[in-house]
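The next block is my_file_27.cif, given as mmCIF, C-alpha atoms.
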data_model
loop_
_atom_site.label_atom_id
_atom_site.label_comp_id
_atom_site.auth_asym_id
_atom_site.auth_seq_id
_atom_site.Cartn_x
_atom_site.Cartn_y
_atom_site.Cartn_z
CA MET A 1 103.70 78.76 72.15
CA ASN A 2 103.99 76.59 75.24
CA ILE A 3 101.55 76.15 78.14
CA ARG A 4 102.82 75.26 81.59
CA ALA A 5 101.74 75.55 85.22
CA ALA A 6 102.40 79.02 86.65
CA LYS A 7 105.06 79.37 89.33
CA LYS A 8 105.18 81.94 92.12
CA ASP A 9 108.06 83.62 90.25
CA ASP A 10 105.82 84.25 87.25
CA TRP A 11 103.76 86.79 89.16
CA HIS A 12 105.93 89.77 88.16
CA ALA A 13 105.15 88.93 84.52
CA ILE A 14 101.46 88.04 85.03
CA TRP A 15 100.63 91.14 87.07
CA PRO A 16 100.98 93.69 84.20
CA ILE A 17 98.58 91.59 82.10
CA PHE A 18 96.09 91.35 84.96
CA HIS A 19 96.44 95.01 85.84
CA ASP A 20 95.96 96.31 82.29
CA ILE A 21 92.79 94.27 81.82
CA VAL A 22 91.27 94.92 85.24
CA LYS A 23 91.96 98.66 85.35
CA ALA A 24 90.12 99.03 82.03
CA GLY A 25 87.01 97.67 83.81
CA GLU A 26 85.51 96.39 80.58
CA THR A 27 85.61 92.62 80.98
CA TYR A 28 86.35 91.28 84.46
CA ALA A 29 84.41 91.51 87.71
CA TYR A 30 87.39 92.58 89.78
CA ASP A 31 87.72 95.93 91.49
CA VAL A 32 89.65 98.29 89.20
CA ALA A 33 91.76 99.22 92.24
CA THR A 34 92.84 95.63 92.97
CA THR A 35 96.42 95.72 94.25
CA LYS A 36 99.29 93.52 93.08
CA ALA A 37 99.17 91.50 96.31
CA GLN A 38 95.38 91.06 96.19
CA ALA A 39 95.58 90.01 92.56
CA GLU A 40 98.21 87.39 93.34
CA LYS A 41 95.84 85.82 95.88
CA ILE A 42 92.94 85.93 93.42
CA TRP A 43 94.78 84.66 90.35
CA LEU A 44 97.64 82.47 91.63
CA GLU A 45 96.73 81.29 95.13
CA ALA A 46 92.95 80.85 95.41
CA PRO A 47 92.33 78.85 92.20
CA ARG A 48 92.95 75.14 91.98
CA LYS A 49 95.53 75.65 89.22
CA THR A 50 96.94 78.54 87.19
CA TYR A 51 98.72 78.25 83.84
CA VAL A 52 100.77 80.55 81.62
CA VAL A 53 101.33 80.58 77.88
CA GLU A 54 104.88 81.51 77.03
CA GLU A 55 106.99 82.00 73.95
CA ALA A 56 110.69 82.82 73.93
CA GLY A 57 110.59 83.42 77.69
CA LYS A 58 107.75 85.93 77.42
CA ILE A 59 104.31 85.35 78.97
CA LEU A 60 101.55 85.90 76.42
CA GLY A 61 98.57 84.82 78.48
CA THR A 62 97.38 83.16 81.64
CA TYR A 63 94.37 81.30 82.97
CA TYR A 64 93.08 79.78 86.20
CA ILE A 65 90.77 76.89 86.89
CA LYS A 66 88.75 76.44 90.08
CA THR A 67 85.63 74.73 91.39
CA ASN A 68 82.65 76.97 90.69
CA GLN A 69 80.32 75.90 93.50
CA ALA A 70 81.01 73.68 96.50
CA GLY A 71 79.14 70.52 97.49
CA PRO A 72 76.33 69.63 95.06
CA GLY A 73 77.86 71.98 92.45
CA SER A 74 81.46 70.81 92.69
CA HIS A 75 81.46 68.88 89.39
CA VAL A 76 81.40 72.20 87.52
CA CYS A 77 84.56 74.29 87.18
CA ASN A 78 85.13 77.93 86.36
CA CYS A 79 88.04 79.43 84.39
CA GLY A 80 89.28 82.93 83.68
CA TYR A 81 91.61 83.80 80.79
CA MET A 82 93.77 86.85 80.15
CA VAL A 83 95.91 87.67 77.10
CA SER A 84 98.56 90.42 77.03
CA THR A 85 97.82 93.34 74.74
CA ALA A 86 100.87 92.51 72.62
CA ALA A 87 99.71 88.94 71.99
CA ARG A 88 96.10 89.59 70.96
CA GLY A 89 94.79 88.06 67.73
CA ARG A 90 97.16 85.11 67.77
CA GLY A 91 94.81 82.46 69.12
CA VAL A 92 96.19 82.55 72.66
CA ALA A 93 92.71 82.54 74.24
CA THR A 94 91.63 79.62 72.05
CA THR A 95 94.77 77.68 72.98
CA MET A 96 94.15 78.33 76.66
CA CYS A 97 90.45 77.49 76.55
CA GLU A 98 91.08 74.18 74.79
CA HIS A 99 93.87 73.37 77.24
CA SER A 100 91.65 74.23 80.20
CA GLN A 101 88.91 71.87 79.02
CA GLN A 102 91.48 69.06 78.90
CA VAL A 103 92.74 69.95 82.37
CA ALA A 104 89.16 70.15 83.66
CA THR A 105 88.42 66.66 82.40
CA GLU A 106 91.63 65.31 83.95
CA LEU A 107 90.65 66.89 87.27
CA GLY A 108 87.29 65.13 87.09
CA TYR A 109 85.04 68.09 86.29
CA LYS A 110 82.01 67.40 84.13
CA ALA A 111 81.20 70.91 82.99
CA MET A 112 82.69 74.41 82.76
CA GLN A 113 80.88 77.65 83.53
CA PHE A 114 81.70 81.31 82.90
CA ASN A 115 79.66 83.27 85.43
CA PHE A 116 79.92 86.81 84.22
CA VAL A 117 80.75 87.57 80.59
CA ALA A 118 80.00 91.20 79.70
CA SER A 119 77.60 91.10 76.75
CA SER A 120 79.51 94.05 75.28
CA ASN A 121 82.60 91.82 75.01
CA LYS A 122 81.38 90.44 71.71
CA GLY A 123 84.71 88.93 70.69
CA ALA A 124 84.81 86.78 73.80
CA VAL A 125 81.18 85.71 73.50
CA ARG A 126 81.74 84.67 69.87
CA LEU A 127 84.92 82.80 70.76
CA TRP A 128 83.34 80.86 73.63
CA GLU A 129 80.42 79.95 71.38
CA MET A 130 82.83 78.69 68.71
CA LEU A 131 84.51 76.58 71.39
CA GLY A 132 81.22 74.92 72.31
CA PHE A 133 79.87 77.08 75.11
CA ASP A 134 76.18 77.99 75.23
CA ILE A 135 74.69 81.17 76.63
CA VAL A 136 72.56 79.74 79.45
CA GLY A 137 71.79 82.93 81.31
CA ARG A 138 71.46 86.67 80.82
CA LEU A 139 71.73 88.94 83.87
CA PRO A 140 69.98 92.22 83.06
CA LYS A 141 72.22 95.28 83.51
CA ALA A 142 74.53 93.31 85.83
CA PHE A 143 77.78 94.68 84.32
CA ASN A 144 78.63 98.36 84.81
CA HIS A 145 80.73 99.19 81.75
CA PRO A 146 82.90 102.35 81.85
CA ASP A 147 81.68 103.49 78.39
CA HIS A 148 78.33 101.76 77.85
CA GLY A 149 76.90 101.95 81.38
CA TYR A 150 74.85 99.00 82.64
CA VAL A 151 74.97 96.16 80.14
CA ASP A 152 73.76 92.58 80.51
CA ALA A 153 76.18 89.92 81.72
CA LEU A 154 76.00 86.44 80.24
CA VAL A 155 76.39 83.06 81.89
CA MET A 156 78.07 80.58 79.53
CA TYR A 157 78.28 76.84 80.03
CA LYS A 158 79.65 73.70 78.41
CA TRP A 159 79.11 70.09 79.42
CA LEU A 160 82.52 68.47 78.93
CA GLU A 161 81.71 64.80 79.23
CA LYS A 162 81.05 63.03 75.99
CA THR A 163 77.55 61.58 76.15
CA MET B 1 58.55 87.49 114.67
CA ASN B 2 61.40 89.98 114.85
CA ILE B 3 64.36 90.45 112.50
CA ARG B 4 67.66 91.77 113.80
CA ALA B 5 71.34 91.72 112.91
CA ALA B 6 73.05 88.47 113.93
CA LYS B 7 75.62 88.61 116.71
CA LYS B 8 78.62 86.34 117.16
CA ASP B 9 76.78 84.75 120.13
CA ASP B 10 73.96 83.64 117.85
CA TRP B 11 76.17 81.12 116.09
CA HIS B 12 75.35 78.25 118.49
CA ALA B 13 71.68 78.68 117.51
CA ILE B 14 72.29 79.28 113.78
CA TRP B 15 74.62 76.32 113.31
CA PRO B 16 71.98 73.57 113.79
CA ILE B 17 69.81 75.24 111.12
CA PHE B 18 72.77 75.53 108.73
CA HIS B 19 73.96 72.01 109.45
CA ASP B 20 70.55 70.34 108.96
CA ILE B 21 70.05 72.03 105.60
CA VAL B 22 73.58 71.57 104.28
CA LYS B 23 74.00 67.95 105.30
CA ALA B 24 70.81 67.09 103.38
CA GLY B 25 72.59 68.33 100.23
CA GLU B 26 69.33 69.20 98.49
CA THR B 27 69.39 72.97 98.27
CA TYR B 28 72.70 74.68 99.02
CA ALA B 29 76.05 74.57 97.25
CA TYR B 30 78.07 73.97 100.39
CA ASP B 31 80.06 70.85 101.08
CA VAL B 32 77.88 68.47 103.15
CA ALA B 33 80.91 68.00 105.43
CA THR B 34 81.28 71.74 106.20
CA THR B 35 82.38 72.09 109.82
CA LYS B 36 80.89 74.41 112.41
CA ALA B 37 83.94 76.71 112.24
CA GLN B 38 83.95 76.81 108.42
CA ALA B 39 80.23 77.52 108.39
CA GLU B 40 80.65 80.42 110.80
CA LYS B 41 83.15 82.01 108.39
CA ILE B 42 80.84 81.42 105.42
CA TRP B 43 77.59 82.57 107.01
CA LEU B 44 78.54 85.10 109.71
CA GLU B 45 81.95 86.51 108.82
CA ALA B 46 82.37 86.64 105.04
CA PRO B 47 79.03 88.29 104.12
CA ARG B 48 78.45 91.98 104.37
CA LYS B 49 75.63 91.47 106.89
CA THR B 50 73.79 88.53 108.47
CA TYR B 51 70.35 88.66 110.10
CA VAL B 52 68.25 86.34 112.24
CA VAL B 53 64.51 86.02 112.67
CA GLU B 54 63.59 85.33 116.26
CA GLU B 55 60.47 84.73 118.28
CA ALA B 56 60.34 84.27 122.06
CA GLY B 57 64.15 84.00 122.15
CA LYS B 58 64.23 81.22 119.52
CA ILE B 59 65.88 81.66 116.14
CA LEU B 60 63.54 80.63 113.33
CA GLY B 61 65.62 81.62 110.34
CA THR B 62 68.67 83.47 109.13
CA TYR B 63 69.96 85.16 106.00
CA TYR B 64 73.09 86.86 104.71
CA ILE B 65 73.64 89.60 102.16
CA LYS B 66 76.87 90.13 100.23
CA THR B 67 78.17 91.68 97.02
CA ASN B 68 77.80 89.12 94.25
CA GLN B 69 80.62 90.23 91.94
CA ALA B 70 83.37 92.78 92.52
CA GLY B 71 84.17 95.84 90.40
CA PRO B 72 81.79 96.24 87.44
CA GLY B 73 79.35 93.80 89.09
CA SER B 74 79.31 95.32 92.57
CA HIS B 75 75.87 96.93 92.27
CA VAL B 76 74.29 93.45 92.44
CA CYS B 77 73.99 91.63 95.76
CA ASN B 78 73.47 88.00 96.64
CA CYS B 79 71.52 86.58 99.58
CA GLY B 80 71.05 83.15 101.13
CA TYR B 81 68.15 82.23 103.43
CA MET B 82 67.67 79.35 105.82
CA VAL B 83 64.62 78.43 107.91
CA SER B 84 64.68 75.95 110.80
CA THR B 85 62.68 72.75 110.24
CA ALA B 86 60.36 73.65 113.13
CA ALA B 87 59.47 77.03 111.61
CA ARG B 88 58.66 75.98 108.04
CA GLY B 89 55.39 77.05 106.49
CA ARG B 90 55.04 80.19 108.56
CA GLY B 91 56.26 82.74 106.01
CA VAL B 92 59.73 83.12 107.54
CA ALA B 93 61.45 82.98 104.14
CA THR B 94 59.08 85.57 102.72
CA THR B 95 59.68 87.85 105.68
CA MET B 96 63.44 87.50 105.28
CA CYS B 97 63.43 88.00 101.51
CA GLU B 98 61.35 91.17 101.76
CA HIS B 99 63.58 92.46 104.57
CA SER B 100 66.71 91.68 102.55
CA GLN B 101 65.44 93.68 99.57
CA GLN B 102 64.96 96.66 101.84
CA VAL B 103 68.44 96.22 103.32
CA ALA B 104 69.90 95.81 99.82
CA THR B 105 68.38 99.10 98.71
CA GLU B 106 69.64 100.87 101.83
CA LEU B 107 73.14 99.52 101.14
CA GLY B 108 72.96 100.94 97.62
CA TYR B 109 72.52 97.74 95.63
CA LYS B 110 70.46 97.97 92.48
CA ALA B 111 69.68 94.29 91.95
CA MET B 112 69.68 90.94 93.76
CA GLN B 113 70.83 87.65 92.28
CA PHE B 114 70.49 84.02 93.41
CA ASN B 115 73.27 82.13 91.65
CA PHE B 116 72.37 78.54 92.18
CA VAL B 117 68.79 77.51 92.94
CA ALA B 118 68.26 73.76 92.52
CA SER B 119 65.43 73.37 89.99
CA SER B 120 64.14 70.48 92.12
CA ASN B 121 63.54 72.95 94.97
CA LYS B 122 60.17 73.90 93.49
CA GLY B 123 58.88 75.58 96.65
CA ALA B 124 61.78 78.01 96.66
CA VAL B 125 61.54 78.73 92.93
CA ARG B 126 57.82 79.47 93.25
CA LEU B 127 58.38 81.69 96.29
CA TRP B 128 61.13 83.74 94.65
CA GLU B 129 58.96 84.19 91.58
CA MET B 130 56.07 85.38 93.76
CA LEU B 131 58.47 87.87 95.32
CA GLY B 132 59.39 89.32 91.93
CA PHE B 133 62.45 87.32 90.90
CA ASP B 134 62.84 86.11 87.32
CA ILE B 135 64.57 82.95 86.18
CA VAL B 136 67.35 84.46 84.03
CA GLY B 137 69.53 81.38 83.63
CA ARG B 138 69.37 77.60 83.63
CA LEU B 139 72.61 75.65 84.23
CA PRO B 140 72.17 72.16 82.78
CA LYS B 141 72.80 69.38 85.29
CA ALA B 142 74.81 71.74 87.49
CA PHE B 143 73.28 70.53 90.79
CA ASN B 144 74.05 67.02 92.00
CA HIS B 145 70.97 66.09 94.06
CA PRO B 146 71.26 63.15 96.50
CA ASP B 147 67.99 61.58 95.26
CA HIS B 148 67.45 62.94 91.76
CA GLY B 149 71.04 62.98 90.49
CA TYR B 150 72.12 65.84 88.22
CA VAL B 151 69.37 68.44 87.99
CA ASP B 152 69.47 71.91 86.46
CA ALA B 153 70.34 74.87 88.65
CA LEU B 154 68.57 78.18 88.11
CA VAL B 155 69.88 81.72 88.24
CA MET B 156 67.24 84.11 89.59
CA TYR B 157 67.39 87.88 89.50
CA LYS B 158 65.45 90.97 90.49
CA TRP B 159 66.15 94.60 89.67
CA LEU B 160 65.35 96.48 92.88
CA GLU B 161 65.37 100.05 91.72
CA LYS B 162 62.01 101.44 90.79
CA THR B 163 62.18 102.58 87.17
#
Write-out of the structure in structure tokens:
Amino acid sequence: MNIRAAKKDDWHAIWPIFHDIVKAGETYAYDVATTKAQAEKIWLEAPRKTYVVEEAGKILGTYYIKTNQAGPGSHVCNCGYMVSTAARGRGVATTMCEHSQQVATELGYKAMQFNFVASSNKGAVRLWEMLGFDIVGRLPKAFNHPDHGYVDALVMYKWLEKT
Amino acid sequence: MNIRAAKKDDWHAIWPIFHDIVKAGETYAYDVATTKAQAEKIWLEAPRKTYVVEEAGKILGTYYIKTNQAGPGSHVCNCGYMVSTAARGRGVATTMCEHSQQVATELGYKAMQFNFVASSNKGAVRLWEMLGFDIVGRLPKAFNHPDHGYVDALVMYKWLEKT
């Protein structure tokens, strides 16, 4: 498993991962009808950096890192991670999250925030907690889940600087 | 005091209010160096709607309303409010916040969220609480205040639908 910066050419391989996850509507706050071109702007162009995890020429996962709030909030970054269905359960998300914390520190960020984790996505919540993130907020009924209806969304946060 | 939708022509009167508040760096997560043209995009163009409060042809305050998260989060809106220095202490923020909740309901939103309230901005926190918002998150040291250094930022939230 190798992590490298995403290139524009990777989009044809990233898009099916993005599309599968977003059209399910269970985890990410993107419109389920997001088009391939819109998604490329969101995932590859708007963030500060985007990475892919690959193995034998196949992309297993991808993540972005960006500044979460401008000005007085610009020392905190935000990341989003996606793993292809075929590569689930192999630690790809853990690998990406650890890599992203390293990248964040190199870019000068002091903390990382996840703004909108569906509370029904228990695997993700558990994983982020294992990787040192705290639940610092709970947004009542802020996530409209296709099966469960309105569920709470969580805000998760980790201070990256060693104190 | 009258509230109406902002027009493109209002920008010359809104900009000094925006600029004074943002360059102080004490309350809003915008870059202190935001230019007039960037601010116009942020405040007038990107949001779903922007309003102004005026009295005798003078603009006392302004607010925007937009969707806070796409897709599964799109039933929650976000607003930002600014009051001119000259008009402080006259209930302009209260008037705008109450108006915005009405507008939010008319637009079909079910809840309103403030993502990043500096905990040092005690007047605002108290006001939003009086107007029915709960503190649902606390982001440790997420706001870099020019005088106080890193202070916590609060996430505040109100469900608008009567249950």
Find the spatial neighbours of B:Gly73, counting all atoms listed in the file, within a cut-off of 8 Å - ignore same-chain residues fewer than 4 positions away - and output them as a PDB file with C-alpha atoms, in the coordinates of the input.
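Wrote it out as result_24.pdb, contents follow:
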ATOM      1  CA  ALA A  29      84.410  91.510  87.710  1.00  0.00           C
ATOM      2  CA  ALA A 142      74.530  93.310  85.830  1.00  0.00           C
ATOM      3  CA  PHE A 143      77.780  94.680  84.320  1.00  0.00           C
ATOM      4  CA  ASN A 144      78.630  98.360  84.810  1.00  0.00           C
TER       5      ASN A 144
ATOM      6  CA  ASN B  68      77.800  89.120  94.250  1.00  0.00           C
ATOM      7  CA  GLN B  69      80.620  90.230  91.940  1.00  0.00           C
TER       8      GLN B  69
END
Residue contacts of B:Asp152 (8 Å, only C-alpha atoms) excluding same-chain residues fewer than 5 positions away, as an MDAnalysis selection string: chainID B and resid 118:120 138:143
Atoms kept (C-alpha atoms) for selection, written as a PDB file, in the frame of the given file:
ATOM      1  CA  ALA B 118      68.260  73.760  92.520  1.00  0.00           C
ATOM      2  CA  SER B 119      65.430  73.370  89.990  1.00  0.00           C
ATOM      3  CA  SER B 120      64.140  70.480  92.120  1.00  0.00           C
ATOM      4  CA  ARG B 138      69.370  77.600  83.630  1.00  0.00           C
ATOM      5  CA  LEU B 139      72.610  75.650  84.230  1.00  0.00           C
ATOM      6  CA  PRO B 140      72.170  72.160  82.780  1.00  0.00           C
ATOM      7  CA  LYS B 141      72.800  69.380  85.290  1.00  0.00           C
ATOM      8  CA  ALA B 142      74.810  71.740  87.490  1.00  0.00           C
ATOM      9  CA  PHE B 143      73.280  70.530  90.790  1.00  0.00           C
TER      10      PHE B 143
END
Output of the PyMOL selection byres ((chain A and resi 87) around 12), listed as a PDB file with C-alpha atoms, in the coordinates of the input:
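Result written to part.pdb:
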ATOM      1  CA  MET A   1     103.700  78.760  72.150  1.00  0.00           C
ATOM      2  CA  ILE A  17      98.580  91.590  82.100  1.00  0.00           C
ATOM      3  CA  VAL A  53     101.330  80.580  77.880  1.00  0.00           C
ATOM      4  CA  GLU A  54     104.880  81.510  77.030  1.00  0.00           C
ATOM      5  CA  GLU A  55     106.990  82.000  73.950  1.00  0.00           C
ATOM      6  CA  LYS A  58     107.750  85.930  77.420  1.00  0.00           C
ATOM      7  CA  ILE A  59     104.310  85.350  78.970  1.00  0.00           C
ATOM      8  CA  LEU A  60     101.550  85.900  76.420  1.00  0.00           C
ATOM      9  CA  GLY A  61      98.570  84.820  78.480  1.00  0.00           C
ATOM     10  CA  THR A  62      97.380  83.160  81.640  1.00  0.00           C
ATOM     11  CA  MET A  82      93.770  86.850  80.150  1.00  0.00           C
ATOM     12  CA  VAL A  83      95.910  87.670  77.100  1.00  0.00           C
ATOM     13  CA  SER A  84      98.560  90.420  77.030  1.00  0.00           C
ATOM     14  CA  THR A  85      97.820  93.340  74.740  1.00  0.00           C
ATOM     15  CA  ALA A  86     100.870  92.510  72.620  1.00  0.00           C
ATOM     16  CA  ARG A  88      96.100  89.590  70.960  1.00  0.00           C
ATOM     17  CA  GLY A  89      94.790  88.060  67.730  1.00  0.00           C
ATOM     18  CA  ARG A  90      97.160  85.110  67.770  1.00  0.00           C
ATOM     19  CA  GLY A  91      94.810  82.460  69.120  1.00  0.00           C
ATOM     20  CA  VAL A  92      96.190  82.550  72.660  1.00  0.00           C
ATOM     21  CA  ALA A  93      92.710  82.540  74.240  1.00  0.00           C
TER      22      ALA A  93
END
Atomic separation - atom CA of B:Pro146 relative to atom CA of B:Ile65, Å: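 Computing the Euclidean distance for atom CA of B:Ile65 and atom CA of B:Pro146 yields 27.2 Å.
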Nearest to A:Tyr64 by atom-to-atom distance, counting all atoms listed in the file, from A:Ala33, A:Val117, A:Ile21, A:Cys77: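 Ranked by minimum distance to A:Tyr64, first place goes to A:Cys77.
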Please return stretch 16-26 of chain A, rebuilt to all heavy atoms, as a PDB file, in the frame of the given file.
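In the end it all went to result.pdb:
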ATOM      1  N   PRO A  16     101.306  92.630  85.171  1.00  0.00           N
ATOM      2  CA  PRO A  16     100.980  93.690  84.200  1.00  0.00           C
ATOM      3  C   PRO A  16      99.814  93.312  83.280  1.00  0.00           C
ATOM      4  O   PRO A  16      99.016  94.173  82.905  1.00  0.00           O
ATOM      5  CB  PRO A  16     102.273  93.843  83.378  1.00  0.00           C
ATOM      6  CG  PRO A  16     103.345  93.229  84.213  1.00  0.00           C
ATOM      7  CD  PRO A  16     102.702  92.171  85.045  1.00  0.00           C
ATOM      8  N   ILE A  17      99.701  92.036  82.939  1.00  0.00           N
ATOM      9  CA  ILE A  17      98.580  91.590  82.100  1.00  0.00           C
ATOM     10  C   ILE A  17      97.272  91.754  82.871  1.00  0.00           C
ATOM     11  O   ILE A  17      96.301  92.334  82.384  1.00  0.00           O
ATOM     12  CB  ILE A  17      98.777  90.107  81.677  1.00  0.00           C
ATOM     13  CG1 ILE A  17     100.087  89.944  80.898  1.00  0.00           C
ATOM     14  CG2 ILE A  17      97.584  89.618  80.866  1.00  0.00           C
ATOM     15  CD1 ILE A  17     100.433  88.489  80.565  1.00  0.00           C
ATOM     16  N   PHE A  18      97.270  91.233  84.103  1.00  0.00           N
ATOM     17  CA  PHE A  18      96.090  91.350  84.960  1.00  0.00           C
ATOM     18  C   PHE A  18      95.711  92.823  85.147  1.00  0.00           C
ATOM     19  O   PHE A  18      94.562  93.216  84.966  1.00  0.00           O
ATOM     20  CB  PHE A  18      96.386  90.688  86.326  1.00  0.00           C
ATOM     21  CG  PHE A  18      95.234  90.698  87.304  1.00  0.00           C
ATOM     22  CD1 PHE A  18      94.455  89.567  87.487  1.00  0.00           C
ATOM     23  CD2 PHE A  18      94.931  91.840  88.043  1.00  0.00           C
ATOM     24  CE1 PHE A  18      93.380  89.565  88.384  1.00  0.00           C
ATOM     25  CE2 PHE A  18      93.863  91.852  88.938  1.00  0.00           C
ATOM     26  CZ  PHE A  18      93.095  90.713  89.111  1.00  0.00           C
ATOM     27  N   HIS A  19      96.700  93.612  85.485  1.00  0.00           N
ATOM     28  CA  HIS A  19      96.440  95.010  85.840  1.00  0.00           C
ATOM     29  C   HIS A  19      95.868  95.799  84.662  1.00  0.00           C
ATOM     30  O   HIS A  19      94.900  96.553  84.809  1.00  0.00           O
ATOM     31  CB  HIS A  19      97.752  95.639  86.327  1.00  0.00           C
ATOM     32  CG  HIS A  19      97.581  97.023  86.875  1.00  0.00           C
ATOM     33  ND1 HIS A  19      96.672  97.336  87.845  1.00  0.00           N
ATOM     34  CD2 HIS A  19      98.201  98.189  86.562  1.00  0.00           C
ATOM     35  CE1 HIS A  19      96.732  98.637  88.120  1.00  0.00           C
ATOM     36  NE2 HIS A  19      97.648  99.168  87.351  1.00  0.00           N
ATOM     37  N   ASP A  20      96.458  95.609  83.482  1.00  0.00           N
ATOM     38  CA  ASP A  20      95.960  96.310  82.290  1.00  0.00           C
ATOM     39  C   ASP A  20      94.495  95.987  82.027  1.00  0.00           C
ATOM     40  O   ASP A  20      93.693  96.870  81.722  1.00  0.00           O
ATOM     41  CB  ASP A  20      96.754  95.860  81.051  1.00  0.00           C
ATOM     42  CG  ASP A  20      98.057  96.635  80.912  1.00  0.00           C
ATOM     43  OD1 ASP A  20      98.319  97.514  81.753  1.00  0.00           O
ATOM     44  OD2 ASP A  20      98.814  96.345  79.967  1.00  0.00           O
ATOM     45  N   ILE A  21      94.157  94.715  82.139  1.00  0.00           N
ATOM     46  CA  ILE A  21      92.790  94.270  81.820  1.00  0.00           C
ATOM     47  C   ILE A  21      91.808  94.742  82.889  1.00  0.00           C
ATOM     48  O   ILE A  21      90.724  95.242  82.571  1.00  0.00           O
ATOM     49  CB  ILE A  21      92.769  92.735  81.657  1.00  0.00           C
ATOM     50  CG1 ILE A  21      93.498  92.366  80.352  1.00  0.00           C
ATOM     51  CG2 ILE A  21      91.334  92.202  81.688  1.00  0.00           C
ATOM     52  CD1 ILE A  21      93.723  90.889  80.151  1.00  0.00           C
ATOM     53  N   VAL A  22      92.205  94.600  84.159  1.00  0.00           N
ATOM     54  CA  VAL A  22      91.270  94.920  85.240  1.00  0.00           C
ATOM     55  C   VAL A  22      91.069  96.430  85.369  1.00  0.00           C
ATOM     56  O   VAL A  22      89.959  96.900  85.605  1.00  0.00           O
ATOM     57  CB  VAL A  22      91.740  94.285  86.572  1.00  0.00           C
ATOM     58  CG1 VAL A  22      90.935  94.812  87.753  1.00  0.00           C
ATOM     59  CG2 VAL A  22      91.602  92.765  86.478  1.00  0.00           C
ATOM     60  N   LYS A  23      92.134  97.205  85.184  1.00  0.00           N
ATOM     61  CA  LYS A  23      91.960  98.660  85.350  1.00  0.00           C
ATOM     62  C   LYS A  23      91.077  99.259  84.241  1.00  0.00           C
ATOM     63  O   LYS A  23      90.438 100.285  84.441  1.00  0.00           O
ATOM     64  CB  LYS A  23      93.303  99.381  85.488  1.00  0.00           C
ATOM     65  CG  LYS A  23      94.059  99.629  84.217  1.00  0.00           C
ATOM     66  CD  LYS A  23      95.172 100.666  84.468  1.00  0.00           C
ATOM     67  CE  LYS A  23      95.832 101.046  83.133  1.00  0.00           C
ATOM     68  NZ  LYS A  23      97.166 100.527  82.962  1.00  0.00           N
ATOM     69  N   ALA A  24      91.017  98.573  83.098  1.00  0.00           N
ATOM     70  CA  ALA A  24      90.120  99.030  82.030  1.00  0.00           C
ATOM     71  C   ALA A  24      88.656  98.855  82.431  1.00  0.00           C
ATOM     72  O   ALA A  24      87.782  99.593  81.976  1.00  0.00           O
ATOM     73  CB  ALA A  24      90.414  98.281  80.731  1.00  0.00           C
ATOM     74  N   GLY A  25      88.372  97.850  83.274  1.00  0.00           N
ATOM     75  CA  GLY A  25      87.010  97.670  83.810  1.00  0.00           C
ATOM     76  C   GLY A  25      85.976  97.219  82.791  1.00  0.00           C
ATOM     77  O   GLY A  25      84.782  97.340  83.017  1.00  0.00           O
ATOM     78  N   GLU A  26      86.439  96.702  81.665  1.00  0.00           N
ATOM     79  CA  GLU A  26      85.510  96.390  80.580  1.00  0.00           C
ATOM     80  C   GLU A  26      85.099  94.924  80.517  1.00  0.00           C
ATOM     81  O   GLU A  26      84.153  94.567  79.810  1.00  0.00           O
ATOM     82  CB  GLU A  26      86.148  96.772  79.229  1.00  0.00           C
ATOM     83  CG  GLU A  26      86.345  98.269  79.112  1.00  0.00           C
ATOM     84  CD  GLU A  26      87.153  98.663  77.878  1.00  0.00           C
ATOM     85  OE1 GLU A  26      87.613  97.747  77.150  1.00  0.00           O
ATOM     86  OE2 GLU A  26      87.317  99.862  77.655  1.00  0.00           O
TER      87      GLU A  26
END
